[in-house]
Amino acid sequence: MYQYDKYDQAMVDARVEEFRDQARRRLEGKLTEDQFKPLRLQNGLYLQLHAYMLRVAIPYGTLNSMQMHALADIADKYDRGYGHFTTRQNIQYNWIKLEEAADLLADLAKVEMHAIQTSGNCIRNISSDQYAGAAADEVVDPRPYAELLRQWSSFHPEFAALPRKFKICVIASEKDRAAMRLHDIGINIVKNDEGTLGAALYVGGGMGRTPMIAPCIREFVPLDQMVTYSEACLRVYNRHGRRDNKYKARIKILVHEMGAEEYARQVEEEFAHLLEQGVEPPAAELDRIRSFFQPPEFAVGLKEKADRSDPDFALWIDRNCSPHKVPGYVSAAISLKPVGGIPGDATAEQMHLMAELAKEYSFDECRVTHAQNIILPHVEVERLYELWQKLDEAGLGTANLDQVGDIIACPGLDYCSLANARSIPVSQKISERFAENGKGELLGELKLKISGCINACGHHHAGHIGILGVDRKGTENYQLLLGGSEAEDVSLAKITGPGFNEAGIVDAVETVADLYLAQRQDGERFLDTYRRIGMDAFKEALYG
Amino acid sequence: MKILTGNDLKSGAVVWWDGQGWSIHITEAVDAGDEAENIIAVESAARRVNAAYAIDAEQTADGPRPAHIKDRVRALGPTVRPDLAVPAVETVGWDWVI
Amino acid sequence: MADVDLGTGRDDVQLRFRDDEQADVAAVTVDSFLDQSDADAVRIEPGDNARDLLPHLSRLRLVEVNFPSHTDGRGFSSARLLREHGYTGELRAVGDVLVDQLRYMRRCGFDAFAPEQWLDEADAKAALERFPHVYQAAADEDVPIWSLRHG
C-alpha cells in the first residue's frame, strides 16, 4: 500500500500544526464558531449529539497493522475505548475533546494517517473496492488511481468552499462492489477495444433527500487525462452548483437540472481549456504510486480446499470468504455485525486483534468496507481455520456477510444530531429476530440498510430492504423500502406505504422475508423475487 | 418551560444552564424564560458555552424533561450504550428518553 | 446607466503582493464594465460569469472578487480562470475574507486582499507560510509535489 514520502509527511505535519493553531485561536476567542466550523469540519471534527466526533480518513479503505493498532490506541487514549467504521470506509470516534484534537491528529500523522477533508464542503475520502488487488474480475487494481486523485484533491485551493460535500469512488470491474454509481463522481477503470486503460466517468449520483443514479458523462477518459477531467467536473460544479438551498446543492441536482448532456458539454469546454494548463501529473507519478500496489509474494502450490469438518467453520467459509485471483487464497470478511451488536463498532481490543491478524494472515493489510466490515484481502486457504478460530473467540467470527444480519446502519439518533430516529436498536432487534427464527441462512443474500434520517448515511435507498427513520409527531417512526441495489444492477428502493413503530418495523421485515421465502424461484435472491413479483404483493402482505 | 443547552467549548460535553453556570446534569437545568437569548449571547461571547440553544421542556418531579426525544437522548447518552451514560440517568432512568 | 462607485475608499487593501502602485480606481459591476469602453476596474460578484471579462483582459487594471460569505467559493474559480486566461493585473479579494483562506486565495491568483474585518497580521503571515509544498498546479508559481518528485 501507499507509503508517504517526505513531501506527504511534511504536508500532514503542517496540517496538524495549522489545526492546532486554529483550535487555539478558537479557544482564545479570535475565531467565532461560525468561522471555526468550516475549519474544524475540514479536519473531520463535528460537534455531534453528545460531544465532538472525529472522522479519520482511511483512504480507499486500506490500512496496515501499524495503522490499525494506532486507531486502537487512539480509541483508548482520546475516546472511550471503541471506534465506528463508516459507510465511506472511514472510522469515527464519538467522544473527542477539542483541546486534545490536535494531539490526536499528531498521533495519526506518525502513522501516515489524518482527518483531512473528511467533512466540510470539499472533496472527501475517495472510496474503492474492498477486494482491490484480490478480485479475479478486476481490470486493474483501482487504488493507485484513487491515490492519485487523493493527492490531487488534498488542499485543492479552488475547491475548498464547494456548494456541498463531494464524494468520489474509483473501481475497476464490471461488478460494482463500492456503490460507484451512487457517488458524486464515480470512476470505473475500463479497457477499450484496443486494450488501453481509461476512466469511464459517472457524475451526479447520490442518496439523501433526492437519490439519483449517476449518468455516464464520458465513456472513456484516457488515464493520462483523468485528473484534468476531474478538475473540469469540479470547476463546473463549483461555479454552477446551487448555493441557494442546502438540500439542492449537491452535484446530482446540477446534473439533473442542467441535463447530463449540457453538463458534459460544459465539462468538455472546461476540460479543453484545462488541458493547456498543465494540471495533470506526469505518467511517472502514476507509475511511482503503482509501485506501492504490487501484488504481495504469494506462495504457490497451496491447498485450494479447506478441511470443512467443523460445520461452523464450513459455514463461515461459505458466507464470508470470497474467491481470490490467486489459487490457494481467499479474501476473508471479518464481520462487525454480531447478533444484537452495534453495526460497524469495534473495541480497541478488537482493533488490536484485527491488526495482528492482518499482519499474520494477510500480508499486513486489511480493508474497511462501505458495509462496515473489515476484509483481510489475501489469506491462505490452509490457514483459514486458525484465523477463524481466533476471530470466533473475539466475537468477530459471525458468518453473515451480505445476509440479513449484515445490516448497514448509520449511528442514528443515539449519536447524530441530524437524526430523526434511532437506527441501532432497530438493527439490533432485527438481527436478534432473524437469529431466533433461524431464517437468516435460509434467506441468502439480503442487503438491509437503515438510515436514521433522510440524509441516508445508512444508504437505505440502496438496500434490498431499506429502513428510513422519521419523526412522526415527536415519536420515532420507520418507513420500509424495497428493491434498492448498490451494485452494477443499481436501483433505488421504493417505499411500501405507511410507516411502523419500532416493534412494527421488525415484524414488517419478517413479513417481507416470509413472502420472499414463499414465492422465490430457482435460486432467486430477495431482490430478484421482488423485481419479478413487484411491490403490490409485498404491500398486500404488509397492509392487507 | 424553556431550558438552555449547549456544549462545553473545550471538552464538548453536553451542558445545561443551571441559573449560574453550565452543568452536565439536566436535572439541574432551570427555566430561562425570556432571558434565554440574552443568556446565550453573553455566555457564548465569554466562551463559557458553545453552540447553545433553547429548548422546550416540561417540569417533572425529577427535573426538566425535554419535549423532543433528540434532546432527551442528548441529555443522557446513547441508549445503546448505557455504560456511557451521564450521572443523571440514575435519577431519571432510560424510560424517560422514550 | 449610472456607475456604482465601488472603489478603494470603501474596501481597504490590507495585504498586497504586487510591486506596482496600487491604483485608486473605481471598480464597476460586470454589467457596467461591459457597457462602457473606458472602465479599467471591475468587481465580480459570486453569480457573475468571469468568462464575460475574457475579451477585455488587456484593458483591466483591477479585478475585485467579492466574497459576501466565506462559505461561497465561486470567487476561487473566477480568480483562477482569469489568471489562466492571461490576466496580469491586480486581483483583489474583498468581503468576508478570513486568515485561513489566504493561502488558497493566493494559490488561485489573488494578489491583494481587502477584508471586511481587518486580519491579524501575525496570523496571516503564519497562515501563508504554513505549508511547505503543494499537491497540485494552480494559478501561482508553486511547483507541485509531483514535479519535485520527478523533476
# chains A, B, ... in the order shown; residues from 1 in each chain; ligands from 1

$ select_by_dssp --residues "range 23-79 of chain C" --states "strand (DSSP E)" --output "MDAnalysis selection string"
chainID C and resid 28:29 41:44 62:67

$ residues_around --residues "Pro132 in chain C" --least-positions-apart "4" --cutoff "9 Å" --atoms "only C-alpha atoms" --output "list in words"
Tyr7, Ala10, Met11 and Ala14 of chain A

$ residues_around --residues "Tyr53 in chain B" --least-positions-apart "2" --cutoff "9 Å" --atoms "only C-alpha atoms" --output "list of chain:residue names"
B:Ile3, B:Leu4, B:Thr5, B:Gly6, B:Ala36, B:Glu37, B:Ile40, B:Ala51, B:Ile55

$ write_last_selection --atoms "C-alpha atoms" --output "mmCIF file, in the first residue's frame"
data_model
loop_
_atom_site.group_PDB
_atom_site.id
_atom_site.type_symbol
_atom_site.label_atom_id
_atom_site.label_comp_id
_atom_site.auth_asym_id
_atom_site.auth_seq_id
_atom_site.Cartn_x
_atom_site.Cartn_y
_atom_site.Cartn_z
ATOM 1 C CA ILE B 3 -34.217 25.419 29.232
ATOM 2 C CA LEU B 4 -30.847 26.140 27.644
ATOM 3 C CA THR B 5 -28.367 23.602 26.404
ATOM 4 C CA GLY B 6 -25.057 23.683 24.601
ATOM 5 C CA ALA B 36 -32.878 32.805 27.021
ATOM 6 C CA GLU B 37 -31.448 34.776 24.072
ATOM 7 C CA ILE B 40 -26.925 32.569 25.295
ATOM 8 C CA ALA B 51 -23.440 26.183 20.176
ATOM 9 C CA ILE B 55 -35.489 24.007 24.025
#

$ residues_around --residues "Ile69 in chain B" --least-positions-apart "2" --cutoff "9 Å" --atoms "only C-alpha atoms" --output "list in words"
Leu413, Asn420, Ala421, Gly474, Thr475 and Glu476 of chain A; Pro66, Ala67, Asp71, Arg72, Val73, Arg74, Val97 and Ile98 of chain B

$ write_last_selection --atoms "C-alpha atoms" --output "CSV table (one decimal), in the first residue's frame"
chain,number,residue,atom,x,y,z
A,413,LEU,CA,-30.4,9.3,16.9
A,420,ASN,CA,-35.0,11.7,13.4
A,421,ALA,CA,-35.0,8.3,14.9
A,474,GLY,CA,-42.4,13.7,18.1
A,475,THR,CA,-42.1,9.9,18.1
A,476,GLU,CA,-39.8,7.6,16.1
B,66,PRO,CA,-37.1,18.0,27.2
B,67,ALA,CA,-40.1,17.9,24.8
B,71,ASP,CA,-32.8,16.3,23.4
B,72,ARG,CA,-33.6,13.5,25.8
B,73,VAL,CA,-31.1,11.2,24.1
B,74,ARG,CA,-28.7,14.1,24.3
B,97,VAL,CA,-36.0,9.0,26.9
B,98,ILE,CA,-38.8,7.3,25.0

$ residues_around --residues "Asp140 in chain C" --least-positions-apart "6" --cutoff "8 Å" --atoms "only C-alpha atoms" --output "PDB file with N, CA and C atoms, in the first residue's frame"
ATOM      1  N   ARG C 106      -4.311  32.915  -2.483  1.00  0.00           N
ATOM      2  CA  ARG C 106      -3.064  33.228  -3.178  1.00  0.00           C
ATOM      3  C   ARG C 106      -2.828  32.236  -4.296  1.00  0.00           C
ATOM      4  N   ARG C 107      -3.064  30.974  -4.006  1.00  0.00           N
ATOM      5  CA  ARG C 107      -2.851  29.913  -4.991  1.00  0.00           C
ATOM      6  C   ARG C 107      -3.774  30.078  -6.187  1.00  0.00           C
ATOM      7  N   CYS C 108      -4.947  30.685  -5.950  1.00  0.00           N
ATOM      8  CA  CYS C 108      -5.894  30.879  -7.058  1.00  0.00           C
ATOM      9  C   CYS C 108      -5.622  32.168  -7.816  1.00  0.00           C
ATOM     10  N   GLY C 109      -4.592  32.890  -7.386  1.00  0.00           N
ATOM     11  CA  GLY C 109      -4.177  34.036  -8.176  1.00  0.00           C
ATOM     12  C   GLY C 109      -4.414  35.389  -7.555  1.00  0.00           C
TER      13      GLY C 109
END

$ residues_around --residues "Glu129 in chain C" --least-positions-apart "6" --cutoff "12 Å" --atoms "only C-alpha atoms" --output "ChimeraX atom specification"
/A:14-15,17-18 /C:99-100,102-104,106,122-123

$ select_by_dssp --residues "range 341-425 of chain A" --states "helix (DSSP H, G or I)" --output "PyMOL selection string"
chain A and resi 348-361+381-393+412-414+424-425

$ write_last_selection --atoms "C-alpha atoms" --output "PDB file, in the first residue's frame"
ATOM      1  CA  ALA A 348      -9.811  -1.122  20.921  1.00  0.00           C
ATOM      2  CA  GLU A 349      -9.103  -4.718  21.854  1.00  0.00           C
ATOM      3  CA  GLN A 350     -10.804  -5.989  18.708  1.00  0.00           C
ATOM      4  CA  MET A 351      -8.900  -3.491  16.594  1.00  0.00           C
ATOM      5  CA  HIS A 352      -5.608  -4.676  18.085  1.00  0.00           C
ATOM      6  CA  LEU A 353      -6.564  -8.246  17.274  1.00  0.00           C
ATOM      7  CA  MET A 354      -7.575  -7.386  13.711  1.00  0.00           C
ATOM      8  CA  ALA A 355      -4.243  -5.610  13.290  1.00  0.00           C
ATOM      9  CA  GLU A 356      -2.361  -8.690  14.444  1.00  0.00           C
ATOM     10  CA  LEU A 357      -4.428 -10.938  12.195  1.00  0.00           C
ATOM     11  CA  ALA A 358      -3.839  -8.688   9.206  1.00  0.00           C
ATOM     12  CA  LYS A 359      -0.140  -8.839   9.830  1.00  0.00           C
ATOM     13  CA  GLU A 360      -0.102 -12.565  10.444  1.00  0.00           C
ATOM     14  CA  TYR A 361      -2.522 -13.783   7.802  1.00  0.00           C
ATOM     15  CA  VAL A 381      -6.918 -21.298   2.493  1.00  0.00           C
ATOM     16  CA  GLU A 382      -4.686 -23.600   4.524  1.00  0.00           C
ATOM     17  CA  ARG A 383      -4.601 -21.113   7.367  1.00  0.00           C
ATOM     18  CA  LEU A 384      -8.272 -20.135   7.358  1.00  0.00           C
ATOM     19  CA  TYR A 385      -9.288 -22.434  10.179  1.00  0.00           C
ATOM     20  CA  GLU A 386      -6.678 -20.998  12.506  1.00  0.00           C
ATOM     21  CA  LEU A 387      -7.773 -17.490  11.566  1.00  0.00           C
ATOM     22  CA  TRP A 388     -11.432 -18.267  12.046  1.00  0.00           C
ATOM     23  CA  GLN A 389     -10.889 -19.708  15.483  1.00  0.00           C
ATOM     24  CA  LYS A 390      -9.197 -16.517  16.622  1.00  0.00           C
ATOM     25  CA  LEU A 391     -11.955 -14.385  15.121  1.00  0.00           C
ATOM     26  CA  ASP A 392     -14.647 -16.531  16.654  1.00  0.00           C
ATOM     27  CA  GLU A 393     -13.088 -16.276  20.083  1.00  0.00           C
ATOM     28  CA  GLY A 412     -28.814   7.382  14.130  1.00  0.00           C
ATOM     29  CA  LEU A 413     -30.426   9.339  16.913  1.00  0.00           C
ATOM     30  CA  ASP A 414     -28.278   7.642  19.536  1.00  0.00           C
ATOM     31  CA  ILE A 424     -29.086   0.982  16.056  1.00  0.00           C
ATOM     32  CA  PRO A 425     -31.820  -0.504  18.299  1.00  0.00           C
TER      33      PRO A 425
END

$ residues_around --residues "range 62-73 of chain C" --least-positions-apart "2" --cutoff "6 Å" --atoms "only C-alpha atoms" --output "tab-separated table (two decimals) with C-alpha atoms, in the first residue's frame"
chain	number	residue	atom	x	y	z
A	161	ALA	CA	-15.75	26.02	-0.44
A	162	LEU	CA	-17.92	23.98	-2.77
C	41	ALA	CA	-11.62	48.15	-12.91
C	42	VAL	CA	-14.44	45.70	-12.30
C	43	ARG	CA	-15.97	43.86	-9.36
C	44	ILE	CA	-17.12	40.28	-9.82
C	45	GLU	CA	-19.96	39.03	-7.64
C	60	LEU	CA	-8.24	45.74	-16.94
C	75	GLY	CA	-14.65	33.51	-6.36
C	76	PHE	CA	-11.84	30.97	-6.26
C	89	GLY	CA	-3.49	42.97	-13.34
C	90	GLU	CA	-4.37	43.22	-9.69
C	91	LEU	CA	-6.72	40.50	-8.49
C	92	ARG	CA	-8.21	41.60	-5.21
C	93	ALA	CA	-10.33	39.55	-2.79
C	94	VAL	CA	-12.84	41.69	-0.93
C	95	GLY	CA	-15.50	40.98	1.65
C	96	ASP	CA	-15.65	38.11	4.12

$ interface_residues --of "chain A" --to "chain B" --cutoff "10 Å" --atoms "only C-alpha atoms" --output "MDAnalysis selection string"
chainID A and resid 23 26:29 32:34 46:53 80 95:101 341:342 411:422 424:425 428 471 473:476

$ write_last_selection --atoms "N, CA and C atoms" --output "short mmCIF file (atom, residue, chain, number, x, y, z; two decimals), in the first residue's frame"
data_model
loop_
_atom_site.label_atom_id
_atom_site.label_comp_id
_atom_site.auth_asym_id
_atom_site.auth_seq_id
_atom_site.Cartn_x
_atom_site.Cartn_y
_atom_site.Cartn_z
N ALA A 23 -7.43 25.79 16.46
CA ALA A 23 -8.14 25.45 17.70
C ALA A 23 -7.75 26.43 18.81
N ARG A 26 -9.57 29.58 18.32
CA ARG A 26 -10.98 29.43 18.70
C ARG A 26 -11.12 29.51 20.21
N LEU A 27 -10.28 28.79 20.92
CA LEU A 27 -10.37 28.76 22.38
C LEU A 27 -10.07 30.14 22.98
N GLU A 28 -9.24 30.92 22.28
CA GLU A 28 -8.91 32.26 22.76
C GLU A 28 -9.94 33.30 22.32
N GLY A 29 -10.87 32.87 21.48
CA GLY A 29 -11.90 33.80 21.04
C GLY A 29 -11.55 34.61 19.81
N THR A 32 -14.75 33.04 15.79
CA THR A 32 -16.09 32.69 16.25
C THR A 32 -16.38 31.25 15.83
N GLU A 33 -17.46 30.68 16.35
CA GLU A 33 -17.80 29.31 15.97
C GLU A 33 -18.13 29.25 14.48
N ASP A 34 -18.78 30.27 13.97
CA ASP A 34 -19.09 30.33 12.53
C ASP A 34 -17.85 30.30 11.67
N TYR A 46 -16.62 17.17 14.04
CA TYR A 46 -18.01 17.59 14.15
C TYR A 46 -18.35 17.91 15.59
N LEU A 47 -19.35 18.76 15.78
CA LEU A 47 -19.95 18.88 17.10
C LEU A 47 -21.23 18.07 17.01
N GLN A 48 -21.25 16.93 17.67
CA GLN A 48 -22.34 15.98 17.46
C GLN A 48 -23.27 15.96 18.66
N LEU A 49 -24.12 14.97 18.72
CA LEU A 49 -25.18 14.97 19.72
C LEU A 49 -24.64 14.99 21.15
N HIS A 50 -23.60 14.26 21.40
CA HIS A 50 -23.10 14.14 22.78
C HIS A 50 -21.76 14.81 23.00
N ALA A 51 -21.01 15.05 21.95
CA ALA A 51 -19.64 15.53 22.11
C ALA A 51 -19.08 15.85 20.73
N TYR A 52 -17.80 16.20 20.68
CA TYR A 52 -17.15 16.32 19.38
C TYR A 52 -16.91 14.91 18.84
N MET A 53 -17.15 14.76 17.57
CA MET A 53 -16.90 13.50 16.90
C MET A 53 -15.81 13.73 15.86
N ARG A 80 -13.48 6.55 24.21
CA ARG A 80 -13.96 5.64 25.25
C ARG A 80 -13.80 4.19 24.86
N TRP A 95 -16.24 10.69 21.15
CA TRP A 95 -16.13 11.40 22.42
C TRP A 95 -14.84 12.20 22.52
N ILE A 96 -14.55 12.95 21.48
CA ILE A 96 -13.28 13.67 21.40
C ILE A 96 -13.39 15.04 22.07
N LYS A 97 -12.30 15.49 22.67
CA LYS A 97 -12.26 16.84 23.25
C LYS A 97 -11.52 17.75 22.27
N LEU A 98 -12.05 18.95 22.10
CA LEU A 98 -11.40 19.89 21.18
C LEU A 98 -9.97 20.16 21.61
N GLU A 99 -9.77 20.29 22.92
CA GLU A 99 -8.44 20.64 23.41
C GLU A 99 -7.42 19.52 23.19
N GLU A 100 -7.87 18.34 22.85
CA GLU A 100 -6.95 17.22 22.59
C GLU A 100 -6.89 16.84 21.12
N ALA A 101 -7.73 17.46 20.32
CA ALA A 101 -7.86 17.02 18.93
C ALA A 101 -6.55 17.15 18.16
N GLY A 341 -25.48 -6.80 17.99
CA GLY A 341 -24.41 -5.83 18.21
C GLY A 341 -24.67 -4.50 17.54
N ILE A 342 -23.74 -3.58 17.71
CA ILE A 342 -23.85 -2.26 17.07
C ILE A 342 -23.06 -2.31 15.77
N PRO A 411 -25.23 5.74 12.61
CA PRO A 411 -25.32 5.85 14.07
C PRO A 411 -26.71 6.28 14.56
N GLY A 412 -27.45 7.04 13.75
CA GLY A 412 -28.81 7.38 14.13
C GLY A 412 -28.92 8.29 15.33
N LEU A 413 -30.13 8.38 15.85
CA LEU A 413 -30.43 9.34 16.91
C LEU A 413 -29.67 9.05 18.21
N ASP A 414 -29.11 7.90 18.35
CA ASP A 414 -28.28 7.64 19.54
C ASP A 414 -27.02 8.50 19.54
N TYR A 415 -26.56 8.87 18.34
CA TYR A 415 -25.29 9.60 18.25
C TYR A 415 -25.35 10.89 17.46
N CYS A 416 -26.31 10.98 16.52
CA CYS A 416 -26.22 12.01 15.50
C CYS A 416 -27.28 13.08 15.65
N SER A 417 -26.85 14.33 15.64
CA SER A 417 -27.79 15.44 15.85
C SER A 417 -28.67 15.69 14.63
N LEU A 418 -28.36 15.06 13.51
CA LEU A 418 -29.20 15.24 12.34
C LEU A 418 -30.36 14.24 12.32
N ALA A 419 -30.28 13.21 13.14
CA ALA A 419 -31.21 12.08 13.01
C ALA A 419 -32.61 12.39 13.51
N ASN A 420 -33.58 11.65 12.98
CA ASN A 420 -34.96 11.74 13.44
C ASN A 420 -35.33 10.55 14.31
N ALA A 421 -34.61 9.47 14.13
CA ALA A 421 -34.96 8.26 14.87
C ALA A 421 -33.70 7.44 15.12
N ARG A 422 -33.79 6.58 16.08
CA ARG A 422 -32.66 5.71 16.36
C ARG A 422 -32.64 4.56 15.36
N ILE A 424 -29.80 2.13 15.48
CA ILE A 424 -29.09 0.98 16.06
C ILE A 424 -30.02 0.01 16.78
N PRO A 425 -30.93 0.47 17.64
CA PRO A 425 -31.82 -0.50 18.30
C PRO A 425 -32.65 -1.31 17.31
N GLN A 428 -30.44 -3.93 15.94
CA GLN A 428 -30.22 -4.99 16.93
C GLN A 428 -31.42 -5.93 16.99
N ASP A 471 -39.47 11.32 11.96
CA ASP A 471 -40.08 11.87 13.16
C ASP A 471 -41.57 12.02 12.88
N LYS A 473 -44.67 13.24 14.55
CA LYS A 473 -45.27 13.96 15.67
C LYS A 473 -44.51 13.69 16.97
N GLY A 474 -43.19 13.79 16.89
CA GLY A 474 -42.38 13.67 18.09
C GLY A 474 -42.01 12.25 18.48
N THR A 475 -42.57 11.26 17.80
CA THR A 475 -42.13 9.89 18.11
C THR A 475 -41.42 9.30 16.90
N GLU A 476 -40.62 8.30 17.19
CA GLU A 476 -39.84 7.65 16.13
C GLU A 476 -40.75 6.74 15.30
#

$ atom_distance --atom1 "CA of Leu119 in chain C" --atom2 "CA of Asp13 in chain A"
24.8 Å

$ atom_distance --atom1 "CA of Arg124 in chain A" --atom2 "CA of Cys169 in chain A"
10.0 Å

$ decode --residues "range 444-473 of chain A" --atoms "N, CA and C atoms" --output "tab-separated table (two decimals), in the first residue's frame"
chain	number	residue	atom	x	y	z
A	444	GLY	N	-30.43	-16.20	2.38
A	444	GLY	CA	-29.36	-15.94	1.43
A	444	GLY	C	-29.00	-14.46	1.39
A	445	GLU	N	-28.61	-14.00	0.22
A	445	GLU	CA	-28.16	-12.61	0.08
A	445	GLU	C	-29.34	-11.67	0.29
A	446	LEU	N	-29.21	-10.83	1.31
A	446	LEU	CA	-30.30	-9.89	1.63
A	446	LEU	C	-29.66	-8.67	2.28
A	447	LYS	N	-29.54	-7.61	1.50
A	447	LYS	CA	-28.83	-6.42	1.99
A	447	LYS	C	-29.82	-5.45	2.61
A	448	LEU	N	-29.72	-5.32	3.92
A	448	LEU	CA	-30.65	-4.49	4.67
A	448	LEU	C	-29.91	-3.27	5.18
A	449	LYS	N	-30.45	-2.10	4.90
A	449	LYS	CA	-29.76	-0.87	5.25
A	449	LYS	C	-30.70	0.09	5.96
A	450	ILE	N	-30.20	0.67	7.06
A	450	ILE	CA	-31.04	1.53	7.90
A	450	ILE	C	-30.43	2.92	8.04
A	451	SER	N	-31.24	3.94	7.75
A	451	SER	CA	-30.82	5.32	7.97
A	451	SER	C	-31.73	5.96	9.00
A	452	GLY	N	-31.13	6.76	9.88
A	452	GLY	CA	-31.92	7.42	10.92
A	452	GLY	C	-32.54	8.74	10.45
A	453	CYS	N	-32.22	9.14	9.24
A	453	CYS	CA	-32.84	10.35	8.69
A	453	CYS	C	-32.62	10.37	7.19
A	454	ILE	N	-33.19	11.35	6.55
A	454	ILE	CA	-33.21	11.42	5.10
A	454	ILE	C	-31.82	11.66	4.50
A	455	ASN	N	-30.86	12.01	5.31
A	455	ASN	CA	-29.51	12.20	4.78
A	455	ASN	C	-28.90	10.89	4.28
A	456	ALA	N	-29.51	9.80	4.70
A	456	ALA	CA	-29.22	8.49	4.10
A	456	ALA	C	-27.79	7.99	4.28
A	457	CYS	N	-27.17	8.31	5.39
A	457	CYS	CA	-25.82	7.80	5.62
A	457	CYS	C	-25.82	6.28	5.74
A	458	GLY	N	-26.99	5.70	6.02
A	458	GLY	CA	-27.10	4.25	6.08
A	458	GLY	C	-27.40	3.65	4.72
A	459	HIS	N	-27.47	4.49	3.68
A	459	HIS	CA	-27.67	4.03	2.31
A	459	HIS	C	-28.97	3.26	2.12
A	460	HIS	N	-30.01	3.66	2.82
A	460	HIS	CA	-31.25	2.87	2.75
A	460	HIS	C	-31.85	2.83	1.35
A	461	HIS	N	-31.59	3.85	0.53
A	461	HIS	CA	-32.13	3.83	-0.85
A	461	HIS	C	-31.56	2.67	-1.65
A	462	ALA	N	-30.38	2.19	-1.20
A	462	ALA	CA	-29.71	1.15	-1.97
A	462	ALA	C	-29.85	-0.22	-1.32
A	463	GLY	N	-30.77	-0.31	-0.38
A	463	GLY	CA	-30.97	-1.60	0.28
A	463	GLY	C	-31.96	-2.48	-0.46
A	464	HIS	N	-31.72	-3.78	-0.47
A	464	HIS	CA	-32.76	-4.70	-0.95
A	464	HIS	C	-33.99	-4.45	-0.08
A	465	ILE	N	-33.70	-4.32	1.22
A	465	ILE	CA	-34.68	-3.79	2.17
A	465	ILE	C	-34.04	-2.55	2.78
A	466	GLY	N	-34.75	-1.47	2.74
A	466	GLY	CA	-34.25	-0.24	3.33
A	466	GLY	C	-35.19	0.23	4.41
A	467	ILE	N	-34.64	0.85	5.44
A	467	ILE	CA	-35.49	1.40	6.50
A	467	ILE	C	-35.07	2.84	6.73
A	468	LEU	N	-36.05	3.71	6.76
A	468	LEU	CA	-35.77	5.13	6.99
A	468	LEU	C	-36.48	5.58	8.26
A	469	GLY	N	-35.70	6.10	9.20
A	469	GLY	CA	-36.28	6.62	10.43
A	469	GLY	C	-36.81	8.03	10.20
A	470	VAL	N	-38.03	8.27	10.65
A	470	VAL	CA	-38.63	9.59	10.53
A	470	VAL	C	-39.19	10.03	11.87
A	471	ASP	N	-39.47	11.32	11.96
A	471	ASP	CA	-40.08	11.87	13.16
A	471	ASP	C	-41.57	12.02	12.88
A	472	ARG	N	-42.38	11.26	13.57
A	472	ARG	CA	-43.82	11.36	13.35
A	472	ARG	C	-44.44	11.94	14.61
A	473	LYS	N	-44.67	13.24	14.55
A	473	LYS	CA	-45.27	13.96	15.67
A	473	LYS	C	-44.51	13.69	16.97
